[in-house]
Amino acid sequence: MARPKNRPRARRRSTGATSPASGSGRKWLWILGSVIVGGGVIALGLLSGSQSQTTSAGVRDPVEIARGAEIYSANCAVCHGTDLEGTGTGPPFLNVIYAPNRHADEAFQRAVLGGVVPHHWDYGKMAPVDGLDRSEVALIVEFVRSQQEAAGIIRDP
Ligand code: HEC
């Protein structure tokens, strides 16, 4: 029991008196700061993650895109164009009005199922497209979104 128990504490107290934020106090501030900043970064990451999930702009499956391109070519390209630039009978999807925040994926499902009353252009109406189920239209959407993203059409400002 020769250890002088209160010696270190006494020393710390004397430095603490001159500079309160020094030593371990400052270290804890740093840790607290990094936890707050780190937490913010993680929260941002989660937020953008969930956002891309709702717009399905996350990682796309090249196989699905390729399958979607086939179905699109067979059913939609005649009017909306093989390159999605539109034709004389249908509008281009590489236009910001078809960005996901203006025409969500569900708009494609509805267009195929029920047709479209013209409201953006002068092409006339789109008739319903027969013979496609929801999963096939979802593949078309994968293809269309991938092409939009490649053209920088992410959202309508
Ligand atoms: C016969 C021509 C034609 C074909 C084939 C066609 N479309 Fe259309 N589509 C149109 C026209 C015309 C419009 C209306 C544009 C407007 O709003 O003025 C349109 C509009 C749309 C819209 C916009 C809907 C909205 O809410 O404004 C979507 C989405 C769409 N088409 C998807 C498709 C898909 C997917 C296919 C293939 C499965 C397809 N179209 C095939 C002519 C066509």
# chains A, B, ... in the order shown; residues from 1 in each chain; ligands from 1
$ residues_near_ligand --ligand "ligand 1" --cutoff "7 Å" --atoms "only C-alpha atoms and all ligand atoms" --output "ChimeraX atom specification"
/A:72,75-80,89-91,103,107-108,111-112,116-127,129,137,140
$ closest_residue --among "A:Val96, A:Asp105, A:Arg145, A:Asp130" --to "Glu64 in chain A" --atoms "only C-alpha atoms"
A:Arg145
$ atom_distance --atom1 "CA of Arg155 in chain A" --atom2 "CA of Ala99 in chain A"
5.0 Å
